[in-house]
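Asks: Sending over protein_26.pdb (PDB, C-alpha atoms (C1' of nucleotides)).
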```
ATOM      1  CA  MET A   1      -9.320  -9.817 -47.145
ATOM      2  CA  SER A   2     -12.247 -11.400 -48.998
ATOM      3  CA  ARG A   3     -12.975 -15.067 -48.587
ATOM      4  CA  LYS A   4     -14.393 -17.357 -51.248
ATOM      5  CA  PRO A   5     -18.156 -17.893 -50.991
ATOM      6  CA  LEU A   6     -19.268 -20.879 -48.944
ATOM      7  CA  ALA A   7     -21.033 -23.962 -50.239
ATOM      8  CA  ILE A   8     -24.737 -23.752 -49.432
ATOM      9  CA  GLY A   9     -25.228 -27.526 -49.504
ATOM     10  CA  THR A  10     -28.799 -28.813 -49.404
ATOM     11  CA  LEU A  11     -30.161 -25.294 -49.716
ATOM     12  CA  SER A  12     -29.095 -25.001 -53.335
ATOM     13  CA  HIS A  13     -31.979 -27.006 -54.758
ATOM     14  CA  LEU A  14     -34.671 -25.611 -52.460
ATOM     15  CA  ILE A  15     -37.020 -23.167 -54.151
ATOM     16  CA  GLY A  16     -38.098 -21.872 -50.740
ATOM     17  CA  TYR A  17     -34.540 -20.836 -49.941
ATOM     18  CA  HIS A  18     -34.010 -19.043 -53.243
ATOM     19  CA  LEU A  19     -37.400 -17.314 -52.949
ATOM     20  CA  ARG A  20     -36.417 -16.084 -49.509
ATOM     21  CA  ARG A  21     -33.089 -14.711 -50.690
ATOM     22  CA  ALA A  22     -34.420 -13.146 -53.884
ATOM     23  CA  SER A  23     -37.342 -11.592 -52.040
ATOM     24  CA  GLY A  24     -34.947 -10.235 -49.422
ATOM     25  CA  ALA A  25     -32.731  -8.690 -52.102
ATOM     26  CA  PHE A  26     -35.756  -6.970 -53.621
ATOM     27  CA  ALA A  27     -36.959  -5.777 -50.232
ATOM     28  CA  LEU A  28     -33.566  -4.261 -49.445
ATOM     29  CA  ASP A  29     -33.364  -2.355 -52.714
ATOM     30  CA  PHE A  30     -37.015  -1.330 -52.410
ATOM     31  CA  HIS A  31     -36.277   0.120 -48.997
ATOM     32  CA  GLU A  32     -33.388   2.158 -50.404
ATOM     33  CA  ALA A  33     -35.508   3.297 -53.345
ATOM     34  CA  MET A  34     -38.110   4.681 -50.918
ATOM     35  CA  ALA A  35     -35.632   6.606 -48.772
ATOM     36  CA  GLY A  36     -37.101   9.948 -47.767
ATOM     37  CA  THR A  37     -40.683   9.094 -48.706
ATOM     38  CA  GLY A  38     -41.592   7.410 -45.426
ATOM     39  CA  MET A  39     -43.271   4.676 -47.448
ATOM     40  CA  ARG A  40     -42.796   0.943 -46.979
ATOM     41  CA  GLN A  41     -43.688  -2.147 -48.996
ATOM     42  CA  VAL A  42     -46.880  -2.884 -47.024
ATOM     43  CA  LEU A  43     -48.135   0.693 -47.128
ATOM     44  CA  LEU A  44     -47.652   0.972 -50.879
ATOM     45  CA  GLY A  45     -49.372  -2.384 -51.279
ATOM     46  CA  ILE A  46     -52.389  -1.038 -49.422
ATOM     47  CA  LEU A  47     -52.484   2.186 -51.448
ATOM     48  CA  ALA A  48     -52.275   0.202 -54.693
ATOM     49  CA  ILE A  49     -55.163  -2.057 -53.689
ATOM     50  CA  VAL A  50     -57.314   0.910 -52.668
ATOM     51  CA  GLU A  51     -56.486   2.688 -55.921
ATOM     52  CA  ALA A  52     -57.608  -0.360 -57.887
ATOM     53  CA  ASN A  53     -60.717  -0.819 -55.721
ATOM     54  CA  PRO A  54     -62.020   2.540 -54.538
ATOM     55  CA  GLY A  55     -64.326   2.269 -51.524
ATOM     56  CA  VAL A  56     -63.024  -1.180 -50.644
ATOM     57  CA  ASN A  57     -63.414  -2.463 -47.082
ATOM     58  CA  GLN A  58     -60.437  -2.494 -44.730
ATOM     59  CA  GLY A  59     -60.753  -6.212 -44.144
ATOM     60  CA  ALA A  60     -60.891  -7.011 -47.858
ATOM     61  CA  VAL A  61     -57.618  -5.144 -48.390
ATOM     62  CA  GLY A  62     -56.019  -7.213 -45.648
ATOM     63  CA  THR A  63     -57.283 -10.437 -47.184
ATOM     64  CA  ALA A  64     -55.961  -9.432 -50.606
ATOM     65  CA  LEU A  65     -52.496  -8.752 -49.186
ATOM     66  CA  GLY A  66     -52.379 -11.518 -46.612
ATOM     67  CA  ILE A  67     -52.432  -9.103 -43.682
ATOM     68  CA  LYS A  68     -54.334 -10.107 -40.541
ATOM     69  CA  ARG A  69     -57.223  -7.866 -39.448
ATOM     70  CA  ALA A  70     -55.537  -7.034 -36.175
ATOM     71  CA  ASN A  71     -52.450  -5.810 -37.993
ATOM     72  CA  MET A  72     -54.391  -3.748 -40.503
ATOM     73  CA  VAL A  73     -55.585  -1.315 -37.847
ATOM     74  CA  ALA A  74     -52.249   0.384 -37.167
ATOM     75  CA  LEU A  75     -51.347   0.425 -40.866
ATOM     76  CA  ILE A  76     -54.607   2.105 -41.888
ATOM     77  CA  ASN A  77     -54.300   4.560 -38.985
ATOM     78  CA  GLU A  78     -50.822   5.435 -40.223
ATOM     79  CA  LEU A  79     -52.065   6.100 -43.762
ATOM     80  CA  VAL A  80     -55.103   8.068 -42.589
ATOM     81  CA  ASP A  81     -52.982  10.141 -40.176
ATOM     82  CA  ALA A  82     -50.574  10.852 -43.047
ATOM     83  CA  GLY A  83     -53.520  12.152 -45.068
ATOM     84  CA  LEU A  84     -53.090   9.565 -47.810
ATOM     85  CA  LEU A  85     -56.224   7.544 -47.158
ATOM     86  CA  ALA A  86     -59.821   8.519 -46.319
ATOM     87  CA  ARG A  87     -61.786   6.220 -44.037
ATOM     88  CA  ALA A  88     -65.602   6.350 -43.979
ATOM     89  CA  VAL A  89     -68.265   4.091 -42.515
ATOM     90  CA  ALA A  90     -69.402   1.772 -45.293
ATOM     91  CA  PRO A  91     -72.882   2.760 -46.521
ATOM     92  CA  ASP A  92     -74.129  -0.831 -46.660
ATOM     93  CA  ASP A  93     -72.502  -2.146 -43.455
ATOM     94  CA  ARG A  94     -72.016   0.124 -40.467
ATOM     95  CA  ARG A  95     -69.388  -2.204 -38.982
ATOM     96  CA  ALA A  96     -67.054  -1.753 -41.917
ATOM     97  CA  PHE A  97     -64.815   1.029 -43.170
ATOM     98  CA  SER A  98     -64.777   2.083 -46.783
ATOM     99  CA  LEU A  99     -61.350   3.264 -47.948
ATOM    100  CA  THR A 100     -60.458   5.693 -50.711
ATOM    101  CA  LEU A 101     -57.293   7.550 -51.718
ATOM    102  CA  THR A 102     -57.117  11.264 -50.965
ATOM    103  CA  SER A 103     -55.654  13.492 -53.666
ATOM    104  CA  VAL A 104     -52.446  13.629 -51.639
ATOM    105  CA  GLY A 105     -52.509   9.837 -51.482
ATOM    106  CA  ARG A 106     -52.890   9.635 -55.244
ATOM    107  CA  GLU A 107     -49.904  11.959 -55.721
ATOM    108  CA  ARG A 108     -47.794  10.038 -53.238
ATOM    109  CA  LEU A 109     -48.647   6.767 -54.948
ATOM    110  CA  THR A 110     -47.700   8.206 -58.335
ATOM    111  CA  GLU A 111     -44.342   9.465 -57.050
ATOM    112  CA  CYS A 112     -43.554   6.183 -55.387
ATOM    113  CA  THR A 113     -44.679   4.152 -58.384
ATOM    114  CA  ALA A 114     -42.056   5.958 -60.464
ATOM    115  CA  ARG A 115     -39.403   5.009 -57.920
ATOM    116  CA  ILE A 116     -40.652   1.437 -57.833
ATOM    117  CA  GLU A 117     -40.459   1.159 -61.609
ATOM    118  CA  ALA A 118     -36.849   2.358 -61.485
ATOM    119  CA  HIS A 119     -36.092  -0.076 -58.694
ATOM    120  CA  GLU A 120     -37.569  -2.982 -60.637
ATOM    121  CA  ALA A 121     -35.698  -1.966 -63.784
ATOM    122  CA  ARG A 122     -32.457  -1.843 -61.799
ATOM    123  CA  MET A 123     -32.989  -5.223 -60.182
ATOM    124  CA  LEU A 124     -33.965  -6.861 -63.476
ATOM    125  CA  ASP A 125     -31.648  -5.158 -65.946
ATOM    126  CA  GLN A 126     -30.176  -8.526 -66.976
ATOM    127  CA  PHE A 127     -33.586 -10.027 -67.658
ATOM    128  CA  THR A 128     -35.379 -10.086 -70.986
ATOM    129  CA  ASN A 129     -39.075  -9.256 -71.102
ATOM    130  CA  ALA A 130     -39.807 -12.903 -71.768
ATOM    131  CA  GLU A 131     -37.866 -13.907 -68.663
ATOM    132  CA  ARG A 132     -39.791 -11.399 -66.558
ATOM    133  CA  GLN A 133     -43.092 -12.767 -67.844
ATOM    134  CA  THR A 134     -41.961 -16.319 -67.150
ATOM    135  CA  LEU A 135     -40.921 -15.422 -63.620
ATOM    136  CA  ILE A 136     -44.192 -13.637 -62.829
ATOM    137  CA  ALA A 137     -46.213 -16.540 -64.222
ATOM    138  CA  LEU A 138     -44.311 -19.082 -62.114
ATOM    139  CA  LEU A 139     -44.587 -16.975 -58.961
ATOM    140  CA  ALA A 140     -48.298 -16.365 -59.519
ATOM    141  CA  ARG A 141     -48.887 -20.123 -59.596
ATOM    142  CA  ILE A 142     -47.223 -20.441 -56.200
ATOM    143  CA  GLU A 143     -49.326 -17.647 -54.716
ATOM    144  CA  ALA A 144     -52.467 -19.227 -56.111
ATOM    145  CA  ARG A 145     -52.117 -22.173 -53.705
ATOM    146  CA  LYS A 146     -55.000 -22.083 -51.229
ATOM    147  CA  PRO A 147     -54.049 -20.815 -47.761
TER     148      PRO A 147
ATOM    149  CA  MET B   1     -69.981 -15.483 -47.334
ATOM    150  CA  SER B   2     -66.983 -15.391 -49.675
ATOM    151  CA  ARG B   3     -66.261 -12.283 -51.706
ATOM    152  CA  LYS B   4     -64.672 -12.237 -55.127
ATOM    153  CA  PRO B   5     -60.910 -11.510 -55.083
ATOM    154  CA  LEU B   6     -59.919  -7.863 -55.445
ATOM    155  CA  ALA B   7     -58.033  -6.314 -58.325
ATOM    156  CA  ILE B   8     -54.397  -5.796 -57.339
ATOM    157  CA  GLY B   9     -53.837  -2.976 -59.842
ATOM    158  CA  THR B  10     -50.270  -1.804 -60.368
ATOM    159  CA  LEU B  11     -48.948  -4.617 -58.207
ATOM    160  CA  SER B  12     -49.749  -7.241 -60.833
ATOM    161  CA  HIS B  13     -46.715  -6.567 -63.001
ATOM    162  CA  LEU B  14     -44.225  -6.033 -60.166
ATOM    163  CA  ILE B  15     -41.793  -8.909 -59.674
ATOM    164  CA  GLY B  16     -41.011  -7.625 -56.195
ATOM    165  CA  TYR B  17     -44.641  -7.986 -55.158
ATOM    166  CA  HIS B  18     -44.964 -11.517 -56.491
ATOM    167  CA  LEU B  19     -41.663 -12.525 -54.902
ATOM    168  CA  ARG B  20     -42.931 -11.229 -51.579
ATOM    169  CA  ARG B  21     -46.198 -13.133 -51.812
ATOM    170  CA  ALA B  22     -44.670 -16.371 -53.101
ATOM    171  CA  SER B  23     -41.936 -16.249 -50.483
ATOM    172  CA  GLY B  24     -44.567 -15.622 -47.811
ATOM    173  CA  ALA B  25     -46.624 -18.593 -48.977
ATOM    174  CA  PHE B  26     -43.547 -20.817 -48.764
ATOM    175  CA  ALA B  27     -42.626 -19.452 -45.341
ATOM    176  CA  LEU B  28     -46.105 -20.175 -44.010
ATOM    177  CA  ASP B  29     -46.150 -23.760 -45.244
ATOM    178  CA  PHE B  30     -42.551 -24.244 -44.068
ATOM    179  CA  HIS B  31     -43.581 -23.122 -40.614
ATOM    180  CA  GLU B  32     -46.426 -25.635 -40.555
ATOM    181  CA  ALA B  33     -44.142 -28.374 -41.857
ATOM    182  CA  MET B  34     -41.759 -27.766 -38.931
ATOM    183  CA  ALA B  35     -44.462 -27.871 -36.241
ATOM    184  CA  GLY B  36     -43.174 -29.686 -33.176
ATOM    185  CA  THR B  37     -39.501 -29.601 -34.188
ATOM    186  CA  GLY B  38     -38.781 -26.143 -32.758
ATOM    187  CA  MET B  39     -36.869 -25.381 -35.956
ATOM    188  CA  ARG B  40     -37.258 -22.255 -38.069
ATOM    189  CA  GLN B  41     -36.111 -21.233 -41.546
ATOM    190  CA  VAL B  42     -33.045 -19.344 -40.321
ATOM    191  CA  LEU B  43     -31.917 -22.082 -37.953
ATOM    192  CA  LEU B  44     -32.159 -24.754 -40.646
ATOM    193  CA  GLY B  45     -30.277 -22.469 -43.005
ATOM    194  CA  ILE B  46     -27.454 -22.218 -40.510
ATOM    195  CA  LEU B  47     -27.352 -25.968 -39.916
ATOM    196  CA  ALA B  48     -27.274 -26.605 -43.667
ATOM    197  CA  ILE B  49     -24.376 -24.198 -44.175
ATOM    198  CA  VAL B  50     -22.410 -25.733 -41.304
ATOM    199  CA  GLU B  51     -23.084 -29.223 -42.643
ATOM    200  CA  ALA B  52     -21.730 -28.194 -46.037
ATOM    201  CA  ASN B  53     -18.730 -26.385 -44.488
ATOM    202  CA  PRO B  54     -17.631 -28.135 -41.293
ATOM    203  CA  GLY B  55     -15.512 -25.926 -39.052
ATOM    204  CA  VAL B  56     -16.749 -22.754 -40.739
ATOM    205  CA  ASN B  57     -16.552 -19.457 -38.846
ATOM    206  CA  GLN B  58     -19.688 -17.941 -37.342
ATOM    207  CA  GLY B  59     -19.257 -14.740 -39.307
ATOM    208  CA  ALA B  60     -18.861 -16.557 -42.607
ATOM    209  CA  VAL B  61     -22.154 -18.354 -42.032
ATOM    210  CA  GLY B  62     -23.827 -15.028 -41.438
ATOM    211  CA  THR B  63     -22.351 -13.582 -44.614
ATOM    212  CA  ALA B  64     -23.508 -16.591 -46.632
ATOM    213  CA  LEU B  65     -27.069 -16.225 -45.378
ATOM    214  CA  GLY B  66     -27.247 -12.441 -45.250
ATOM    215  CA  ILE B  67     -27.476 -12.350 -41.445
ATOM    216  CA  LYS B  68     -25.739  -9.512 -39.583
ATOM    217  CA  ARG B  69     -23.016 -10.467 -37.095
ATOM    218  CA  ALA B  70     -24.970  -8.966 -34.205
ATOM    219  CA  ASN B  71     -27.971 -11.126 -35.014
ATOM    220  CA  MET B  72     -25.936 -14.302 -35.414
ATOM    221  CA  VAL B  73     -25.035 -14.393 -31.725
ATOM    222  CA  ALA B  74     -28.471 -15.282 -30.355
ATOM    223  CA  LEU B  75     -29.124 -17.739 -33.185
ATOM    224  CA  ILE B  76     -25.871 -19.630 -32.613
ATOM    225  CA  ASN B  77     -26.461 -19.584 -28.852
ATOM    226  CA  GLU B  78     -29.884 -21.102 -29.464
ATOM    227  CA  LEU B  79     -28.431 -23.906 -31.600
ATOM    228  CA  VAL B  80     -25.554 -24.578 -29.199
ATOM    229  CA  ASP B  81     -27.893 -24.588 -26.197
ATOM    230  CA  ALA B  82     -30.133 -27.054 -28.046
ATOM    231  CA  GLY B  83     -27.111 -29.313 -28.506
ATOM    232  CA  LEU B  84     -27.259 -29.168 -32.302
ATOM    233  CA  LEU B  85     -24.100 -27.155 -32.895
ATOM    234  CA  ALA B  86     -20.615 -27.313 -31.377
ATOM    235  CA  ARG B  87     -18.726 -24.045 -31.014
ATOM    236  CA  ALA B  88     -14.934 -24.076 -30.594
ATOM    237  CA  VAL B  89     -12.280 -21.373 -30.737
ATOM    238  CA  ALA B  90     -10.838 -21.426 -34.253
ATOM    239  CA  PRO B  91      -7.351 -22.959 -34.251
ATOM    240  CA  ASP B  92      -5.904 -20.293 -36.562
ATOM    241  CA  ASP B  93      -7.705 -17.235 -35.147
ATOM    242  CA  ARG B  94      -8.517 -17.005 -31.447
ATOM    243  CA  ARG B  95     -11.114 -14.287 -32.065
ATOM    244  CA  ALA B  96     -13.257 -16.574 -34.207
ATOM    245  CA  PHE B  97     -15.532 -19.520 -33.515
ATOM    246  CA  SER B  98     -15.378 -22.679 -35.543
ATOM    247  CA  LEU B  99     -18.782 -24.378 -35.914
ATOM    248  CA  THR B 100     -19.577 -28.035 -36.470
ATOM    249  CA  LEU B 101     -22.731 -30.141 -36.247
ATOM    250  CA  THR B 102     -23.104 -32.450 -33.263
ATOM    251  CA  SER B 103     -24.445 -35.933 -33.936
ATOM    252  CA  VAL B 104     -27.787 -34.751 -32.571
ATOM    253  CA  GLY B 105     -27.581 -31.785 -34.926
ATOM    254  CA  ARG B 106     -26.953 -34.102 -37.851
ATOM    255  CA  GLU B 107     -29.982 -36.201 -36.918
ATOM    256  CA  ARG B 108     -32.173 -33.160 -36.484
ATOM    257  CA  LEU B 109     -31.087 -31.792 -39.836
ATOM    258  CA  THR B 110     -31.844 -35.123 -41.506
ATOM    259  CA  GLU B 111     -35.320 -35.281 -39.953
ATOM    260  CA  CYS B 112     -36.103 -31.715 -40.922
ATOM    261  CA  THR B 113     -34.691 -32.142 -44.415
ATOM    262  CA  ALA B 114     -37.230 -34.918 -44.993
ATOM    263  CA  ARG B 115     -40.007 -32.591 -43.888
ATOM    264  CA  ILE B 116     -38.653 -29.807 -46.069
ATOM    265  CA  GLU B 117     -38.567 -32.069 -49.119
ATOM    266  CA  ALA B 118     -42.220 -32.977 -48.491
ATOM    267  CA  HIS B 119     -43.078 -29.312 -48.046
ATOM    268  CA  GLU B 120     -41.365 -28.363 -51.317
ATOM    269  CA  ALA B 121     -43.051 -31.248 -53.126
ATOM    270  CA  ARG B 122     -46.423 -30.114 -51.800
ATOM    271  CA  MET B 123     -45.881 -26.477 -52.758
ATOM    272  CA  LEU B 124     -44.627 -27.397 -56.231
ATOM    273  CA  ASP B 125     -46.821 -30.346 -57.130
ATOM    274  CA  GLN B 126     -48.125 -28.530 -60.219
ATOM    275  CA  PHE B 127     -44.623 -27.763 -61.476
ATOM    276  CA  THR B 128     -42.591 -29.848 -63.880
ATOM    277  CA  ASN B 129     -38.915 -30.455 -63.163
ATOM    278  CA  ALA B 130     -38.035 -28.127 -66.004
ATOM    279  CA  GLU B 131     -40.156 -25.372 -64.476
ATOM    280  CA  ARG B 132     -38.465 -25.833 -61.098
ATOM    281  CA  GLN B 133     -35.050 -25.567 -62.702
ATOM    282  CA  THR B 134     -36.106 -22.458 -64.616
ATOM    283  CA  LEU B 135     -37.433 -20.859 -61.451
ATOM    284  CA  ILE B 136     -34.282 -21.603 -59.447
ATOM    285  CA  ALA B 137     -32.081 -20.273 -62.246
ATOM    286  CA  LEU B 138     -34.058 -17.011 -62.471
ATOM    287  CA  LEU B 139     -34.068 -16.526 -58.699
ATOM    288  CA  ALA B 140     -30.346 -17.260 -58.448
ATOM    289  CA  ARG B 141     -29.648 -14.457 -60.924
ATOM    290  CA  ILE B 142     -31.552 -12.029 -58.703
ATOM    291  CA  GLU B 143     -29.635 -13.117 -55.598
ATOM    292  CA  ALA B 144     -26.359 -12.757 -57.464
ATOM    293  CA  ARG B 145     -26.780  -8.966 -57.611
ATOM    294  CA  LYS B 146     -24.056  -7.339 -55.538
ATOM    295  CA  PRO B 147     -25.294  -6.141 -52.114
TER     296      PRO B 147
ATOM    297  C1'  DT C   1     -74.293 -16.611 -34.100
ATOM    298  C1'  DA C   2     -71.032 -14.633 -37.277
ATOM    299  C1'  DT C   3     -68.409 -10.778 -38.844
ATOM    300  C1'  DT C   4     -65.806  -5.977 -38.738
ATOM    301  C1'  DG C   5     -62.809  -3.579 -36.557
ATOM    302  C1'  DT C   6     -60.230  -2.916 -32.112
ATOM    303  C1'  DT C   7     -56.953  -3.553 -28.226
ATOM    304  C1'  DA C   8     -53.356  -5.896 -25.947
ATOM    305  C1'  DT C   9     -49.591  -8.709 -26.303
ATOM    306  C1'  DA C  10     -45.705 -11.552 -27.698
ATOM    307  C1'  DC C  11     -42.256 -13.398 -30.791
ATOM    308  C1'  DT C  12     -39.244 -13.144 -34.663
ATOM    309  C1'  DC C  13     -36.347 -10.725 -37.851
ATOM    310  C1'  DT C  14     -33.625  -6.914 -38.874
ATOM    311  C1'  DA C  15     -30.677  -2.775 -38.119
ATOM    312  C1'  DT C  16     -27.309   0.328 -35.638
ATOM    313  C1'  DA C  17     -23.928   1.714 -32.339
ATOM    314  C1'  DA C  18     -20.578   0.903 -28.880
ATOM    315  C1'  DC C  19     -17.809  -2.462 -26.580
ATOM    316  C1'  DT C  20     -13.833  -6.587 -25.950
ATOM    317  C1'  DA C  21     -10.309  -9.348 -27.471
ATOM    318  C1'  DT C  22      -7.527 -10.574 -30.695
ATOM    319  C1'  DA C  23      -5.005  -9.845 -35.231
TER     320       DA C  23
ATOM    321  C1'  DT D   1      -6.041  -0.141 -37.418
ATOM    322  C1'  DA D   2      -8.985  -3.748 -38.656
ATOM    323  C1'  DT D   3     -11.657  -7.834 -37.666
ATOM    324  C1'  DA D   4     -14.626 -11.557 -34.825
ATOM    325  C1'  DG D   5     -17.784 -11.768 -31.744
ATOM    326  C1'  DT D   6     -20.765  -9.426 -28.124
ATOM    327  C1'  DT D   7     -24.287  -6.475 -25.892
ATOM    328  C1'  DA D   8     -28.028  -3.349 -25.889
ATOM    329  C1'  DT D   9     -31.680  -1.496 -28.162
ATOM    330  C1'  DA D  10     -35.168  -0.153 -31.443
ATOM    331  C1'  DG D  11     -38.279  -0.776 -35.438
ATOM    332  C1'  DA D  12     -40.998  -3.564 -38.287
ATOM    333  C1'  DG D  13     -43.766  -7.811 -39.457
ATOM    334  C1'  DT D  14     -46.623 -11.275 -37.869
ATOM    335  C1'  DA D  15     -49.448 -14.234 -34.682
ATOM    336  C1'  DT D  16     -53.243 -15.087 -31.098
ATOM    337  C1'  DA D  17     -56.952 -14.083 -27.904
ATOM    338  C1'  DA D  18     -60.619 -11.336 -26.112
ATOM    339  C1'  DC D  19     -63.768  -7.500 -26.760
ATOM    340  C1'  DA D  20     -67.631  -4.019 -28.782
ATOM    341  C1'  DA D  21     -70.713  -2.924 -32.323
ATOM    342  C1'  DT D  22     -73.311  -4.492 -35.949
ATOM    343  C1'  DA D  23     -75.181  -8.002 -39.121
TER     344       DA D  23
END
```
Let me see whether you can do it: turn the structure in this file into structure tokens.
Replies:
Amino acid sequence: MSRKPLAIGTLSHLIGYHLRRASGAFALDFHEAMAGTGMRQVLLGILAIVEANPGVNQGAVGTALGIKRANMVALINELVDAGLLARAVAPDDRRAFSLTLTSVGRERLTECTARIEAHEARMLDQFTNAERQTLIALLARIEARKP
Amino acid sequence: MSRKPLAIGTLSHLIGYHLRRASGAFALDFHEAMAGTGMRQVLLGILAIVEANPGVNQGAVGTALGIKRANMVALINELVDAGLLARAVAPDDRRAFSLTLTSVGRERLTECTARIEAHEARMLDQFTNAERQTLIALLARIEARKP
DNA sequence: TATTGTTATACTCTATAACTATA
DNA sequence: TATAGTTATAGAGTATAACAATA
């Protein structure tokens, strides 16, 4: 017995609401796409940043992804324990950790990237390339707001 | 000592990543905008749905917002305890609860809606009306994907 | 003094399974 | 049997404060 969808009232014209719902839909499908890999959105985000910036400091990765220092610790431990990330004292600053991908980490990232591409293609199969570019450009302007 | 922003590598062309970041930026500013009201995104979402559908069932609200039945219980309790929501046994189905806003709930929603409008205006001050419409339309198509 | 990473902690959101009462 | 709401519980994300080592 299916019921007709409810009116969402004031929410309908709020960008924040639609962002929340769309982001949630992506997160759900992402989670399914990663089944069996043990990887999550945050962890892949970290691996991607380290791949693009080999030797980067732990704190800088957190800043780039909007993750607080205190919360980075457990995440990095998880990736190091899984053998995906190598952590070394930074040569120029003995307080800091310099992060690099291990070869296993590189492989894992490649496998997962393939899954992510499929997931994105599935979620956006009704979108033209122009629409995707438009969407990314609009979202990037929102992110660019100073925190 | 500010450092230059890192390269985000593969993430840059992923809609899912940008949705996550943009949604997070909105959530953060929303949270600040609600300081002192005790209201959160989910709670306002519920109030807005009930306002638009007086007498609606608890479960239907959850379905509309993507909240699991089990998680609705505490949220509705919170709103009822705060005197914002009235919960009555549904006249046509004694298993279900029929929800309506109290007068206090209506006032609270009005106050918060004003804050939310200001928050949206602040987040989107660089966007034209056309761009906002485009963004909402694109996001709505993502949400529309069957769960 | 300020910064990097750490620990401890708490709150919110989300997910699952088993229960009750009604239908 | 199926559905509406409930309880209990666990995992994940996020926030703050206080600390050690280093700058």
Asks: With all atoms listed in the file considered, list every residue of chain D at most 9 Å from chain A, as a PDB file with C-alpha atoms (C1' of nucleotides), in the frame of the given file.
Replies:
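result24.pdb written:
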```pdb
ATOM      1  C1'  DT D  14     -46.623 -11.275 -37.869  1.00  0.00           C
ATOM      2  C1'  DA D  15     -49.448 -14.234 -34.682  1.00  0.00           C
ATOM      3  C1'  DA D  21     -70.713  -2.924 -32.323  1.00  0.00           C
ATOM      4  C1'  DT D  22     -73.311  -4.492 -35.949  1.00  0.00           C
ATOM      5  C1'  DA D  23     -75.181  -8.002 -39.121  1.00  0.00           C
TER       6       DA D  23
END
```
Asks: Please identify every residue of chain C that has at least one atom no more than 9 Å from any atom of chain B, counting all atoms listed in the file, and report them as a ChimeraX atom specification.
Replies: /C:13-15,21-23
Asks: Could the residues of chain A within 8 Å of chain B, counting only C-alpha atoms, be given as a ChimeraX atom specification, please?
Replies: /A:5-11,13-16,18-23,25-27,45,48-49,51-53,60-61,64,120,123-124,131-132,135-136,138-140,142-143,145,147
Asks: Determine the residue membership of the PyMOL selection byres ((chain B and resi 112) around 9) for the file above and supply it as a PyMOL selection string.
Replies: chain B and resi 33-34+37+39+44+107-111+113-117
Asks: Generate a file of the selected residues that holds C-alpha atoms, formatted as a CSV table (one decimal), in the frame of the given file.
Replies:
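The resulting part-v3.csv:
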```csv
chain,number,residue,atom,x,y,z
B,33,ALA,CA,-44.1,-28.4,-41.9
B,34,MET,CA,-41.8,-27.8,-38.9
B,37,THR,CA,-39.5,-29.6,-34.2
B,39,MET,CA,-36.9,-25.4,-36.0
B,44,LEU,CA,-32.2,-24.8,-40.6
B,107,GLU,CA,-30.0,-36.2,-36.9
B,108,ARG,CA,-32.2,-33.2,-36.5
B,109,LEU,CA,-31.1,-31.8,-39.8
B,110,THR,CA,-31.8,-35.1,-41.5
B,111,GLU,CA,-35.3,-35.3,-40.0
B,113,THR,CA,-34.7,-32.1,-44.4
B,114,ALA,CA,-37.2,-34.9,-45.0
B,115,ARG,CA,-40.0,-32.6,-43.9
B,116,ILE,CA,-38.7,-29.8,-46.1
B,117,GLU,CA,-38.6,-32.1,-49.1
```
Asks: Please list, as a list in words, the residues that have an atom at most 9 Å away from (-61.9, -5.9, -36.7) in the coordinates of this file, counting all atoms listed in the file.
Replies: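 Collected hits near the coordinates: Gln58, Gly59, Arg69, Ala70, Met72, Val73, Arg95 and Ala96 of chain A; DT3, DT4, DG5 and DT6 of chain C.
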Asks: As an exercise, work out the distance from atom C1' of C:DT12 to atom CA of B:Gly105 in Å and give it to one decimal place.
Replies: 22.0 Å
Asks: Atom C1' of C:DT7 and atom CA of A:Phe97, how far apart in Å?
Replies: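 These atoms are spaced 17.5 Å apart.
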Asks: I'd like the interatomic distance between atom C1' of D:DC19 and atom C1' of C:DT1, to a tenth of an Å.
Replies: 15.7 Å
Asks: Report, as lines of an AutoDock Vina configuration file, the axis-aligned box around all atoms of stretch 2-21 of chain C present in the file, extended by 5 Å on each side; give centre and edge lengths in Å to one decimal place.
Replies:
```
center_x = -40.7
center_y = -6.5
center_z = -32.4
size_x = 70.7
size_y = 26.3
size_z = 22.9
```
Asks: What residues have an atom no more than 12 Å from (-24.0, -5.4, -24.5) in the file's own frame, counting only C-alpha atoms (C1' of nucleotides), and can you write them as a list in words?
Replies: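 Output: Ala70 and Val73 of chain B; DA17, DA18, DC19 and DT20 of chain C; DG5, DT6, DT7, DA8 and DT9 of chain D.
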Asks: Step by step, work through what the PyMOL selection byres ((chain D and resi 17) around 10) selects in the shown file, and finish by giving those residues as a short mmCIF file (atom, residue, chain, number, x, y, z; two decimals) with C-alpha atoms (C1' of nucleotides), in the coordinates of the input.
Replies:
```
data_model
loop_
_atom_site.label_atom_id
_atom_site.label_comp_id
_atom_site.auth_asym_id
_atom_site.auth_seq_id
_atom_site.Cartn_x
_atom_site.Cartn_y
_atom_site.Cartn_z
"C1'" DA C 8 -53.36 -5.90 -25.95
"C1'" DT C 9 -49.59 -8.71 -26.30
"C1'" DT D 16 -53.24 -15.09 -31.10
"C1'" DA D 18 -60.62 -11.34 -26.11
"C1'" DC D 19 -63.77 -7.50 -26.76
#
```
